[in-house]
file input-v6.txt (compact mmCIF, N, CA and C atoms)
# COMPACT_ATOMS: atom_id res chain seq x y z
N MET U 110 88.66 105.72 68.78
CA MET U 110 88.97 105.42 70.16
C MET U 110 89.00 103.90 70.37
N ASP U 111 90.05 103.40 70.98
CA ASP U 111 90.21 101.97 71.25
C ASP U 111 89.30 101.58 72.41
N LEU U 112 88.28 100.78 72.11
CA LEU U 112 87.31 100.40 73.13
C LEU U 112 87.89 99.44 74.17
N ASN U 113 89.01 98.79 73.85
CA ASN U 113 89.63 97.88 74.80
C ASN U 113 90.57 98.59 75.76
N LYS U 114 90.88 99.83 75.49
CA LYS U 114 91.82 100.58 76.32
C LYS U 114 91.12 101.15 77.55
N ASN U 115 91.77 101.06 78.69
CA ASN U 115 91.27 101.67 79.92
C ASN U 115 91.38 103.18 79.76
N VAL U 116 90.28 103.90 79.84
CA VAL U 116 90.28 105.35 79.63
C VAL U 116 91.08 106.11 80.69
N TYR U 117 91.40 105.45 81.79
CA TYR U 117 92.12 106.10 82.88
C TYR U 117 93.63 105.88 82.83
N GLU U 118 94.10 104.96 82.00
CA GLU U 118 95.49 104.53 82.10
C GLU U 118 96.53 105.59 81.76
N ASP U 119 96.23 106.57 80.96
CA ASP U 119 97.21 107.60 80.62
C ASP U 119 97.08 108.86 81.48
N ILE U 120 96.22 108.83 82.48
CA ILE U 120 95.97 110.00 83.31
C ILE U 120 96.99 110.09 84.44
N LYS U 121 97.59 111.27 84.55
CA LYS U 121 98.57 111.53 85.63
C LYS U 121 97.98 112.56 86.58
N ILE U 122 97.96 112.20 87.86
CA ILE U 122 97.36 113.04 88.88
C ILE U 122 98.41 113.48 89.89
N LEU U 123 98.43 114.77 90.17
CA LEU U 123 99.26 115.31 91.25
C LEU U 123 98.38 115.38 92.49
N PHE U 124 98.77 114.63 93.52
CA PHE U 124 97.98 114.51 94.74
C PHE U 124 98.75 115.22 95.85
N VAL U 125 98.20 116.34 96.34
CA VAL U 125 98.92 117.18 97.30
C VAL U 125 98.21 117.15 98.65
N ASP U 126 98.87 116.52 99.62
CA ASP U 126 98.29 116.37 100.95
C ASP U 126 99.44 116.12 101.92
N ASP U 127 99.36 116.67 103.10
CA ASP U 127 100.45 116.51 104.06
C ASP U 127 100.34 115.25 104.91
N LEU U 128 99.32 114.45 104.70
CA LEU U 128 99.13 113.25 105.52
C LEU U 128 99.39 111.98 104.70
N PRO U 129 100.49 111.27 104.97
CA PRO U 129 100.80 110.04 104.23
C PRO U 129 99.67 109.01 104.18
N PRO U 130 98.83 108.86 105.23
CA PRO U 130 97.72 107.90 105.08
C PRO U 130 96.78 108.27 103.92
N ASN U 131 96.62 109.56 103.67
CA ASN U 131 95.80 109.99 102.53
C ASN U 131 96.46 109.62 101.21
N TRP U 132 97.80 109.67 101.16
CA TRP U 132 98.52 109.26 99.94
C TRP U 132 98.24 107.79 99.65
N LYS U 133 98.29 106.98 100.71
CA LYS U 133 98.07 105.54 100.54
C LYS U 133 96.66 105.27 100.02
N LEU U 134 95.71 106.02 100.53
CA LEU U 134 94.33 105.89 100.07
C LEU U 134 94.23 106.29 98.60
N GLY U 135 94.80 107.46 98.26
CA GLY U 135 94.80 107.90 96.87
C GLY U 135 95.49 106.90 95.96
N GLU U 136 96.62 106.39 96.42
CA GLU U 136 97.37 105.40 95.63
C GLU U 136 96.52 104.17 95.34
N ALA U 137 95.78 103.70 96.33
CA ALA U 137 94.92 102.53 96.14
C ALA U 137 93.83 102.82 95.10
N PHE U 138 93.22 104.00 95.19
CA PHE U 138 92.18 104.36 94.22
C PHE U 138 92.75 104.48 92.82
N PHE U 139 93.89 105.16 92.69
CA PHE U 139 94.50 105.35 91.37
C PHE U 139 94.89 104.01 90.76
N LYS U 140 95.43 103.12 91.58
CA LYS U 140 95.85 101.81 91.09
C LYS U 140 94.64 101.03 90.57
N ARG U 141 93.54 101.07 91.31
CA ARG U 141 92.32 100.37 90.87
C ARG U 141 91.80 100.91 89.55
N LEU U 142 91.91 102.22 89.38
CA LEU U 142 91.45 102.82 88.13
C LEU U 142 92.44 102.62 86.99
N GLY U 143 93.71 102.46 87.34
CA GLY U 143 94.72 102.28 86.30
C GLY U 143 95.45 103.56 85.93
N CYS U 144 95.22 104.64 86.66
CA CYS U 144 95.93 105.89 86.39
C CYS U 144 97.13 106.00 87.32
N SER U 145 97.95 107.03 87.13
CA SER U 145 99.13 107.17 87.99
C SER U 145 99.04 108.43 88.84
N GLY U 146 99.59 108.33 90.04
CA GLY U 146 99.59 109.45 90.96
C GLY U 146 101.00 109.79 91.40
N VAL U 147 101.26 111.08 91.52
CA VAL U 147 102.51 111.59 92.07
C VAL U 147 102.11 112.39 93.29
N TYR U 148 102.88 112.24 94.37
CA TYR U 148 102.46 112.81 95.65
C TYR U 148 103.38 113.93 96.08
N ALA U 149 102.78 114.95 96.72
CA ALA U 149 103.52 116.08 97.27
C ALA U 149 102.95 116.37 98.66
N GLU U 150 103.84 116.75 99.59
CA GLU U 150 103.44 116.99 100.98
C GLU U 150 102.89 118.39 101.24
N ASN U 151 103.15 119.32 100.32
CA ASN U 151 102.72 120.70 100.52
C ASN U 151 102.75 121.42 99.17
N GLY U 152 102.28 122.66 99.19
CA GLY U 152 102.21 123.43 97.95
C GLY U 152 103.56 123.67 97.30
N LYS U 153 104.58 123.91 98.10
CA LYS U 153 105.93 124.15 97.57
C LYS U 153 106.42 122.92 96.80
N GLU U 154 106.23 121.76 97.39
CA GLU U 154 106.64 120.52 96.73
C GLU U 154 105.81 120.28 95.46
N ALA U 155 104.54 120.63 95.49
CA ALA U 155 103.69 120.48 94.30
C ALA U 155 104.21 121.36 93.16
N ILE U 156 104.57 122.59 93.47
CA ILE U 156 105.10 123.50 92.46
C ILE U 156 106.40 122.95 91.88
N GLU U 157 107.26 122.41 92.73
CA GLU U 157 108.51 121.81 92.26
C GLU U 157 108.23 120.66 91.30
N LYS U 158 107.23 119.86 91.58
CA LYS U 158 106.89 118.73 90.70
C LYS U 158 106.29 119.24 89.39
N LEU U 159 105.50 120.31 89.46
CA LEU U 159 104.91 120.88 88.25
C LEU U 159 105.96 121.53 87.34
N GLU U 160 107.09 121.90 87.91
CA GLU U 160 108.16 122.49 87.09
C GLU U 160 108.83 121.46 86.19
N VAL U 161 108.71 120.18 86.53
CA VAL U 161 109.39 119.15 85.74
C VAL U 161 108.45 118.12 85.11
N GLN U 162 107.16 118.15 85.46
CA GLN U 162 106.20 117.19 84.90
C GLN U 162 104.89 117.87 84.58
N GLN U 163 104.16 117.28 83.66
CA GLN U 163 102.81 117.75 83.37
C GLN U 163 101.82 116.75 83.96
N PHE U 164 100.70 117.27 84.42
CA PHE U 164 99.66 116.44 85.02
C PHE U 164 98.32 116.78 84.38
N ASP U 165 97.43 115.80 84.38
CA ASP U 165 96.08 116.00 83.85
C ASP U 165 95.15 116.59 84.89
N LEU U 166 95.50 116.44 86.18
CA LEU U 166 94.63 116.84 87.27
C LEU U 166 95.46 117.01 88.53
N CYS U 167 95.07 117.97 89.37
CA CYS U 167 95.70 118.15 90.67
C CYS U 167 94.61 118.09 91.74
N LEU U 168 94.79 117.21 92.70
CA LEU U 168 93.93 117.16 93.88
C LEU U 168 94.72 117.81 95.00
N MET U 169 94.22 118.93 95.54
CA MET U 169 94.99 119.78 96.45
C MET U 169 94.27 119.96 97.78
N ASP U 170 94.96 119.59 98.86
CA ASP U 170 94.47 119.89 100.20
C ASP U 170 94.68 121.39 100.43
N ILE U 171 93.92 121.98 101.32
CA ILE U 171 94.09 123.41 101.61
C ILE U 171 95.04 123.63 102.77
N HIS U 172 94.83 122.93 103.87
CA HIS U 172 95.62 123.16 105.09
C HIS U 172 96.84 122.25 105.13
N MET U 173 98.02 122.85 104.85
CA MET U 173 99.28 122.11 104.85
C MET U 173 100.38 123.03 105.37
N PRO U 174 101.44 122.43 105.92
CA PRO U 174 102.58 123.24 106.36
C PRO U 174 103.42 123.70 105.15
N VAL U 175 104.37 124.55 105.39
CA VAL U 175 105.32 125.10 104.42
C VAL U 175 104.61 126.05 103.46
N MET U 176 103.75 125.53 102.58
CA MET U 176 102.93 126.36 101.69
C MET U 176 101.57 125.69 101.59
N ASP U 177 100.52 126.42 101.99
CA ASP U 177 99.19 125.82 101.96
C ASP U 177 98.63 125.77 100.54
N GLY U 178 97.49 125.13 100.42
CA GLY U 178 96.87 124.97 99.11
C GLY U 178 96.46 126.26 98.45
N LEU U 179 96.01 127.23 99.23
CA LEU U 179 95.60 128.52 98.66
C LEU U 179 96.78 129.24 98.02
N GLU U 180 97.90 129.28 98.74
CA GLU U 180 99.11 129.92 98.18
C GLU U 180 99.57 129.18 96.93
N ALA U 181 99.52 127.86 96.97
CA ALA U 181 99.96 127.06 95.82
C ALA U 181 99.06 127.30 94.61
N ILE U 182 97.76 127.32 94.81
CA ILE U 182 96.83 127.56 93.70
C ILE U 182 97.11 128.93 93.08
N LYS U 183 97.27 129.93 93.92
CA LYS U 183 97.55 131.28 93.43
C LYS U 183 98.83 131.29 92.58
N TYR U 184 99.89 130.67 93.09
CA TYR U 184 101.16 130.65 92.36
C TYR U 184 101.02 129.88 91.04
N ILE U 185 100.38 128.73 91.08
CA ILE U 185 100.22 127.91 89.88
C ILE U 185 99.46 128.68 88.81
N ARG U 186 98.37 129.31 89.19
CA ARG U 186 97.56 130.03 88.21
C ARG U 186 98.25 131.28 87.68
N GLU U 187 99.00 131.97 88.51
CA GLU U 187 99.66 133.19 88.07
C GLU U 187 100.95 132.93 87.30
N ASN U 188 101.62 131.81 87.58
CA ASN U 188 102.95 131.60 87.02
C ASN U 188 103.15 130.33 86.21
N MET U 189 102.19 129.43 86.22
CA MET U 189 102.44 128.14 85.58
C MET U 189 101.38 127.74 84.55
N THR U 190 100.24 127.28 84.99
CA THR U 190 99.24 126.75 84.07
C THR U 190 97.82 127.07 84.49
N ASN U 191 97.01 127.34 83.49
CA ASN U 191 95.57 127.48 83.71
C ASN U 191 94.83 126.28 83.15
N GLU U 192 95.55 125.39 82.48
CA GLU U 192 94.91 124.28 81.79
C GLU U 192 94.63 123.09 82.69
N MET U 193 95.50 122.82 83.64
CA MET U 193 95.32 121.67 84.53
C MET U 193 94.23 121.98 85.56
N PRO U 194 93.20 121.16 85.62
CA PRO U 194 92.19 121.37 86.66
C PRO U 194 92.78 121.15 88.05
N ILE U 195 92.43 122.03 88.97
CA ILE U 195 92.82 121.89 90.37
C ILE U 195 91.55 121.71 91.18
N ILE U 196 91.47 120.59 91.86
CA ILE U 196 90.31 120.27 92.68
C ILE U 196 90.76 120.29 94.14
N VAL U 197 90.09 121.09 94.93
CA VAL U 197 90.42 121.23 96.34
C VAL U 197 89.77 120.10 97.12
N MET U 198 90.58 119.41 97.92
CA MET U 198 90.04 118.36 98.79
C MET U 198 89.65 119.03 100.10
N VAL U 199 88.37 118.92 100.43
CA VAL U 199 87.82 119.65 101.57
C VAL U 199 87.54 118.71 102.72
N GLY U 200 88.24 118.94 103.83
CA GLY U 200 88.00 118.19 105.06
C GLY U 200 87.60 119.16 106.14
N THR U 201 88.62 119.80 106.72
CA THR U 201 88.36 120.78 107.79
C THR U 201 88.30 122.20 107.25
N ALA U 202 88.41 122.35 105.96
CA ALA U 202 88.37 123.69 105.36
C ALA U 202 86.97 124.30 105.53
N THR U 203 86.94 125.61 105.67
CA THR U 203 85.67 126.33 105.81
C THR U 203 85.13 126.71 104.43
N HIS U 204 83.89 127.16 104.41
CA HIS U 204 83.32 127.66 103.15
C HIS U 204 84.12 128.86 102.66
N GLU U 205 84.63 129.65 103.59
CA GLU U 205 85.45 130.80 103.22
C GLU U 205 86.73 130.35 102.50
N ASP U 206 87.37 129.30 103.01
CA ASP U 206 88.56 128.74 102.36
C ASP U 206 88.22 128.25 100.95
N LEU U 207 87.11 127.55 100.83
CA LEU U 207 86.70 127.02 99.53
C LEU U 207 86.41 128.16 98.56
N ASP U 208 85.72 129.19 99.03
CA ASP U 208 85.45 130.35 98.17
C ASP U 208 86.75 131.01 97.70
N LYS U 209 87.72 131.14 98.62
CA LYS U 209 89.03 131.72 98.25
C LYS U 209 89.72 130.86 97.20
N ALA U 210 89.66 129.55 97.38
CA ALA U 210 90.30 128.63 96.44
C ALA U 210 89.71 128.80 95.04
N ILE U 211 88.40 128.93 94.95
CA ILE U 211 87.74 129.11 93.64
C ILE U 211 88.15 130.44 93.02
N VAL U 212 88.17 131.50 93.81
CA VAL U 212 88.59 132.82 93.32
C VAL U 212 90.03 132.77 92.81
N LEU U 213 90.88 132.03 93.51
CA LEU U 213 92.30 131.94 93.13
C LEU U 213 92.53 131.04 91.92
N GLY U 214 91.53 130.25 91.53
CA GLY U 214 91.68 129.45 90.32
C GLY U 214 91.39 127.98 90.44
N ALA U 215 90.94 127.50 91.60
CA ALA U 215 90.54 126.09 91.70
C ALA U 215 89.30 125.88 90.83
N ASN U 216 89.18 124.69 90.28
CA ASN U 216 88.05 124.39 89.40
C ASN U 216 86.87 123.79 90.13
N GLY U 217 87.08 123.25 91.32
CA GLY U 217 86.01 122.62 92.06
C GLY U 217 86.53 122.03 93.35
N SER U 218 85.69 121.21 93.99
CA SER U 218 86.07 120.62 95.27
C SER U 218 85.60 119.17 95.34
N CYS U 219 86.22 118.46 96.26
CA CYS U 219 85.87 117.06 96.54
C CYS U 219 85.94 116.89 98.05
N ASP U 220 84.85 116.44 98.66
CA ASP U 220 84.81 116.29 100.11
C ASP U 220 85.65 115.11 100.59
N LYS U 221 86.30 115.33 101.72
CA LYS U 221 86.97 114.24 102.42
C LYS U 221 85.99 113.68 103.43
N PRO U 222 86.05 112.44 103.79
CA PRO U 222 87.05 111.49 103.34
C PRO U 222 86.81 111.09 101.88
N LEU U 223 87.92 110.86 101.19
CA LEU U 223 87.85 110.46 99.79
C LEU U 223 87.29 109.05 99.67
N SER U 224 86.66 108.80 98.55
CA SER U 224 86.17 107.46 98.25
C SER U 224 86.46 107.19 96.78
N MET U 225 86.39 105.94 96.40
CA MET U 225 86.60 105.57 95.00
C MET U 225 85.60 106.29 94.10
N ASP U 226 84.35 106.34 94.51
CA ASP U 226 83.32 107.00 93.71
C ASP U 226 83.61 108.49 93.53
N LYS U 227 84.04 109.16 94.61
CA LYS U 227 84.34 110.59 94.52
C LYS U 227 85.51 110.85 93.57
N ILE U 228 86.57 110.05 93.70
CA ILE U 228 87.74 110.21 92.84
C ILE U 228 87.35 109.98 91.38
N LYS U 229 86.61 108.93 91.13
CA LYS U 229 86.17 108.61 89.77
C LYS U 229 85.32 109.74 89.19
N GLN U 230 84.40 110.28 89.98
CA GLN U 230 83.55 111.38 89.51
C GLN U 230 84.39 112.60 89.13
N VAL U 231 85.38 112.92 89.95
CA VAL U 231 86.24 114.07 89.67
C VAL U 231 87.03 113.84 88.38
N ILE U 232 87.63 112.66 88.25
CA ILE U 232 88.41 112.37 87.04
C ILE U 232 87.50 112.38 85.81
N ASP U 233 86.33 111.78 85.91
CA ASP U 233 85.40 111.77 84.78
C ASP U 233 85.01 113.20 84.38
N LYS U 234 84.67 114.02 85.36
CA LYS U 234 84.20 115.38 85.08
C LYS U 234 85.29 116.28 84.53
N TYR U 235 86.47 116.25 85.14
CA TYR U 235 87.49 117.24 84.81
C TYR U 235 88.56 116.76 83.83
N VAL U 236 88.63 115.43 83.59
CA VAL U 236 89.65 114.94 82.67
C VAL U 236 89.02 114.18 81.52
N ILE U 237 88.30 113.11 81.81
CA ILE U 237 87.74 112.25 80.75
C ILE U 237 86.80 113.05 79.84
N ASN U 238 85.87 113.79 80.42
CA ASN U 238 84.91 114.54 79.60
C ASN U 238 85.57 115.64 78.78
N LYS U 239 86.74 116.12 79.18
CA LYS U 239 87.47 117.15 78.43
C LYS U 239 88.21 116.55 77.24
N LYS U 240 88.55 115.25 77.32
CA LYS U 240 89.31 114.59 76.25
C LYS U 240 88.40 114.05 75.14
N ILE U 241 87.13 113.86 75.46
CA ILE U 241 86.21 113.26 74.48
C ILE U 241 85.82 114.29 73.44
call {"tool": "encode", "arguments": {"input": "input-v6.txt", "output": "structure tokens"}}
result
Amino acid sequence: MDLNKNVYEDIKILFVDDLPPNWKLGEAFFKRLGCSGVYAENGKEAIEKLEVQQFDLCLMDIHMPVMDGLEAIKYIRENMTNEMPIIVMVGTATHEDLDKAIVLGANGSCDKPLSMDKIKQVIDKYVINKKI
């Protein structure tokens, strides 16, 4: 392992949230870490992006228009991939929503508002530790 290499630089994250201010926040965190983020406004758009790209991690909001996070998680797990960790971003979601997300195939959750520490912990736990 190259000790001079940033461990985050090859990580690609799919960030799914319907609020552009959250994208800007995610973008700032990813840029500081050195990883790359691709953004989707809803579950349908996330699925379209997954059809043409591979990602190391997906951060998924639950409450979104067009296709919510629960529907997207179900579709991804049944029709696409079980390998990519999906972490549900929890803001106004209920415990019931979170429980459904886990049953449908989410790997964990991250509370909103997001912070650099929270994002780093998620990436370390679900991506970095899996590659070592």
call {"tool": "closest_residue", "arguments": {"input": "input-v6.txt", "among": "U:Ile171, U:Val197, U:Leu223, U:Leu166", "to": "Leu134 (chain U)", "atoms": "all atoms listed in the file"}}
result
U:Leu223
call {"tool": "select_by_dssp", "arguments": {"input": "input-v6.txt", "residues": "chain U", "states": "helix (DSSP H, G or I)", "output": "CSV table (one decimal) with N, CA and C atoms, in the coordinates of the input"}}
result
chain,number,residue,atom,x,y,z
U,129,PRO,N,100.5,111.3,105.0
U,129,PRO,CA,100.8,110.0,104.2
U,129,PRO,C,99.7,109.0,104.2
U,130,PRO,N,98.8,108.9,105.2
U,130,PRO,CA,97.7,107.9,105.1
U,130,PRO,C,96.8,108.3,103.9
U,131,ASN,N,96.6,109.6,103.7
U,131,ASN,CA,95.8,110.0,102.5
U,131,ASN,C,96.5,109.6,101.2
U,132,TRP,N,97.8,109.7,101.2
U,132,TRP,CA,98.5,109.3,99.9
U,132,TRP,C,98.2,107.8,99.6
U,133,LYS,N,98.3,107.0,100.7
U,133,LYS,CA,98.1,105.5,100.5
U,133,LYS,C,96.7,105.3,100.0
U,134,LEU,N,95.7,106.0,100.5
U,134,LEU,CA,94.3,105.9,100.1
U,134,LEU,C,94.2,106.3,98.6
U,135,GLY,N,94.8,107.5,98.3
U,135,GLY,CA,94.8,107.9,96.9
U,135,GLY,C,95.5,106.9,96.0
U,136,GLU,N,96.6,106.4,96.4
U,136,GLU,CA,97.4,105.4,95.6
U,136,GLU,C,96.5,104.2,95.3
U,137,ALA,N,95.8,103.7,96.3
U,137,ALA,CA,94.9,102.5,96.1
U,137,ALA,C,93.8,102.8,95.1
U,138,PHE,N,93.2,104.0,95.2
U,138,PHE,CA,92.2,104.4,94.2
U,138,PHE,C,92.8,104.5,92.8
U,139,PHE,N,93.9,105.2,92.7
U,139,PHE,CA,94.5,105.4,91.4
U,139,PHE,C,94.9,104.0,90.8
U,140,LYS,N,95.4,103.1,91.6
U,140,LYS,CA,95.8,101.8,91.1
U,140,LYS,C,94.6,101.0,90.6
U,141,ARG,N,93.5,101.1,91.3
U,141,ARG,CA,92.3,100.4,90.9
U,141,ARG,C,91.8,100.9,89.6
U,142,LEU,N,91.9,102.2,89.4
U,142,LEU,CA,91.4,102.8,88.1
U,142,LEU,C,92.4,102.6,87.0
U,152,GLY,N,102.3,122.7,99.2
U,152,GLY,CA,102.2,123.4,98.0
U,152,GLY,C,103.6,123.7,97.3
U,153,LYS,N,104.6,123.9,98.1
U,153,LYS,CA,105.9,124.2,97.6
U,153,LYS,C,106.4,122.9,96.8
U,154,GLU,N,106.2,121.8,97.4
U,154,GLU,CA,106.6,120.5,96.7
U,154,GLU,C,105.8,120.3,95.5
U,155,ALA,N,104.5,120.6,95.5
U,155,ALA,CA,103.7,120.5,94.3
U,155,ALA,C,104.2,121.4,93.2
U,156,ILE,N,104.6,122.6,93.5
U,156,ILE,CA,105.1,123.5,92.5
U,156,ILE,C,106.4,123.0,91.9
U,157,GLU,N,107.3,122.4,92.7
U,157,GLU,CA,108.5,121.8,92.3
U,157,GLU,C,108.2,120.7,91.3
U,158,LYS,N,107.2,119.9,91.6
U,158,LYS,CA,106.9,118.7,90.7
U,158,LYS,C,106.3,119.2,89.4
U,159,LEU,N,105.5,120.3,89.5
U,159,LEU,CA,104.9,120.9,88.2
U,159,LEU,C,106.0,121.5,87.3
U,178,GLY,N,97.5,125.1,100.4
U,178,GLY,CA,96.9,125.0,99.1
U,178,GLY,C,96.5,126.3,98.4
U,179,LEU,N,96.0,127.2,99.2
U,179,LEU,CA,95.6,128.5,98.7
U,179,LEU,C,96.8,129.2,98.0
U,180,GLU,N,97.9,129.3,98.7
U,180,GLU,CA,99.1,129.9,98.2
U,180,GLU,C,99.6,129.2,96.9
U,181,ALA,N,99.5,127.9,97.0
U,181,ALA,CA,100.0,127.1,95.8
U,181,ALA,C,99.1,127.3,94.6
U,182,ILE,N,97.8,127.3,94.8
U,182,ILE,CA,96.8,127.6,93.7
U,182,ILE,C,97.1,128.9,93.1
U,183,LYS,N,97.3,129.9,93.9
U,183,LYS,CA,97.6,131.3,93.4
U,183,LYS,C,98.8,131.3,92.6
U,184,TYR,N,99.9,130.7,93.1
U,184,TYR,CA,101.2,130.6,92.4
U,184,TYR,C,101.0,129.9,91.0
U,185,ILE,N,100.4,128.7,91.1
U,185,ILE,CA,100.2,127.9,89.9
U,185,ILE,C,99.5,128.7,88.8
U,186,ARG,N,98.4,129.3,89.2
U,186,ARG,CA,97.6,130.0,88.2
U,186,ARG,C,98.2,131.3,87.7
U,187,GLU,N,99.0,132.0,88.5
U,187,GLU,CA,99.7,133.2,88.1
U,187,GLU,C,101.0,132.9,87.3
U,188,ASN,N,101.6,131.8,87.6
U,188,ASN,CA,103.0,131.6,87.0
U,188,ASN,C,103.2,130.3,86.2
U,204,HIS,N,83.9,127.2,104.4
U,204,HIS,CA,83.3,127.7,103.2
U,204,HIS,C,84.1,128.9,102.7
U,205,GLU,N,84.6,129.6,103.6
U,205,GLU,CA,85.4,130.8,103.2
U,205,GLU,C,86.7,130.4,102.5
U,206,ASP,N,87.4,129.3,103.0
U,206,ASP,CA,88.6,128.7,102.4
U,206,ASP,C,88.2,128.2,101.0
U,207,LEU,N,87.1,127.6,100.8
U,207,LEU,CA,86.7,127.0,99.5
U,207,LEU,C,86.4,128.2,98.6
U,208,ASP,N,85.7,129.2,99.0
U,208,ASP,CA,85.4,130.4,98.2
U,208,ASP,C,86.8,131.0,97.7
U,209,LYS,N,87.7,131.1,98.6
U,209,LYS,CA,89.0,131.7,98.2
U,209,LYS,C,89.7,130.9,97.2
U,210,ALA,N,89.7,129.6,97.4
U,210,ALA,CA,90.3,128.6,96.4
U,210,ALA,C,89.7,128.8,95.0
U,211,ILE,N,88.4,128.9,95.0
U,211,ILE,CA,87.7,129.1,93.6
U,211,ILE,C,88.2,130.4,93.0
U,212,VAL,N,88.2,131.5,93.8
U,212,VAL,CA,88.6,132.8,93.3
U,212,VAL,C,90.0,132.8,92.8
U,213,LEU,N,90.9,132.0,93.5
U,213,LEU,CA,92.3,131.9,93.1
U,213,LEU,C,92.5,131.0,91.9
U,225,MET,N,86.4,105.9,96.4
U,225,MET,CA,86.6,105.6,95.0
U,225,MET,C,85.6,106.3,94.1
U,226,ASP,N,84.4,106.3,94.5
U,226,ASP,CA,83.3,107.0,93.7
U,226,ASP,C,83.6,108.5,93.5
U,227,LYS,N,84.0,109.2,94.6
U,227,LYS,CA,84.3,110.6,94.5
U,227,LYS,C,85.5,110.8,93.6
U,228,ILE,N,86.6,110.0,93.7
U,228,ILE,CA,87.7,110.2,92.8
U,228,ILE,C,87.4,110.0,91.4
U,229,LYS,N,86.6,108.9,91.1
U,229,LYS,CA,86.2,108.6,89.8
U,229,LYS,C,85.3,109.7,89.2
U,230,GLN,N,84.4,110.3,90.0
U,230,GLN,CA,83.6,111.4,89.5
U,230,GLN,C,84.4,112.6,89.1
U,231,VAL,N,85.4,112.9,90.0
U,231,VAL,CA,86.2,114.1,89.7
U,231,VAL,C,87.0,113.8,88.4
U,232,ILE,N,87.6,112.7,88.2
U,232,ILE,CA,88.4,112.4,87.0
U,232,ILE,C,87.5,112.4,85.8
U,233,ASP,N,86.3,111.8,85.9
U,233,ASP,CA,85.4,111.8,84.8
U,233,ASP,C,85.0,113.2,84.4
U,234,LYS,N,84.7,114.0,85.4
U,234,LYS,CA,84.2,115.4,85.1
U,234,LYS,C,85.3,116.3,84.5
U,235,TYR,N,86.5,116.2,85.1
U,235,TYR,CA,87.5,117.2,84.8
U,235,TYR,C,88.6,116.8,83.8
U,236,VAL,N,88.6,115.4,83.6
U,236,VAL,CA,89.6,114.9,82.7
U,236,VAL,C,89.0,114.2,81.5
U,237,ILE,N,88.3,113.1,81.8
U,237,ILE,CA,87.7,112.2,80.8
U,237,ILE,C,86.8,113.0,79.8
U,238,ASN,N,85.9,113.8,80.4
U,238,ASN,CA,84.9,114.5,79.6
U,238,ASN,C,85.6,115.6,78.8
U,239,LYS,N,86.7,116.1,79.2
U,239,LYS,CA,87.5,117.2,78.4
U,239,LYS,C,88.2,116.6,77.2
U,240,LYS,N,88.6,115.2,77.3
U,240,LYS,CA,89.3,114.6,76.2
U,240,LYS,C,88.4,114.0,75.1
call {"tool": "atom_distance", "arguments": {"input": "input-v6.txt", "atom1": "atom C of Val175 (chain U)", "atom2": "CA of Gly152 (chain U)"}}
result
6.6 Å
call {"tool": "atom_distance", "arguments": {"input": "input-v6.txt", "atom1": "CA of Gln230 (chain U)", "atom2": "CA of Pro130 (chain U)"}}
result
21.3 Å
call {"tool": "atom_distance", "arguments": {"input": "input-v6.txt", "atom1": "atom N of Ile211 (chain U)", "atom2": "atom N of Met198 (chain U)"}}
result
10.2 Å
call {"tool": "closest_residue", "arguments": {"input": "input-v6.txt", "among": "U:Cys167, U:Ile228, U:Cys219, U:Ala149", "to": "Gly200 (chain U)", "atoms": "all atoms listed in the file"}}
result
U:Cys219
call {"tool": "closest_atom_pairs", "arguments": {"input": "input-v6.txt", "of": "region 193-234 of chain U", "to": "region 179-184 of chain U", "cutoff": "6 Å", "atoms": "only N, CA and C atoms", "output": "Markdown table"}}
result
| residue | atom | partner | partner_atom | distance |
| --- | --- | --- | --- | --- |
| U:Ala210 | CA | U:Leu179 | CA | 5.7 |
| U:Leu213 | C | U:Ile182 | C | 5.2 |
| U:Gly214 | N | U:Ile182 | C | 5.9 |
call {"tool": "closest_residue", "arguments": {"input": "input-v6.txt", "among": "U:Pro194, U:Gly146, U:Gly178, U:Pro222", "to": "Lys121 (chain U)", "atoms": "only N, CA and C atoms"}}
result
U:Gly146
call {"tool": "residues_around", "arguments": {"input": "input-v6.txt", "residues": "region 160-164 of chain U", "least_positions_apart": "5", "cutoff": "7 Å", "atoms": "only N, CA and C atoms", "output": "number ranges by chain"}}
result
U: 120-123, 155, 193-194
call {"tool": "closest_residue", "arguments": {"input": "input-v6.txt", "among": "U:Lys239, U:Leu207, U:Tyr148, U:Val199", "to": "Asp220 (chain U)", "atoms": "all atoms listed in the file"}}
result
U:Val199
call {"tool": "closest_residue", "arguments": {"input": "input-v6.txt", "among": "U:Asp177, U:Asp170, U:Asp127, U:Asp208", "to": "Ile196 (chain U)", "atoms": "only C-alpha atoms"}}
result
U:Asp170
call {"tool": "select_by_dssp", "arguments": {"input": "input-v6.txt", "residues": "chain U", "states": "strand (DSSP E)", "output": "PyMOL selection string"}}
result
chain U and resi 121-125+145-149+166-170+195-199+217-220
call {"tool": "residues_around", "arguments": {"input": "input-v6.txt", "residues": "Gly143 (chain U)", "least_positions_apart": "5", "cutoff": "7 Å", "atoms": "all atoms listed in the file", "output": "PyMOL selection string"}}
result
chain U and resi 117-120+138
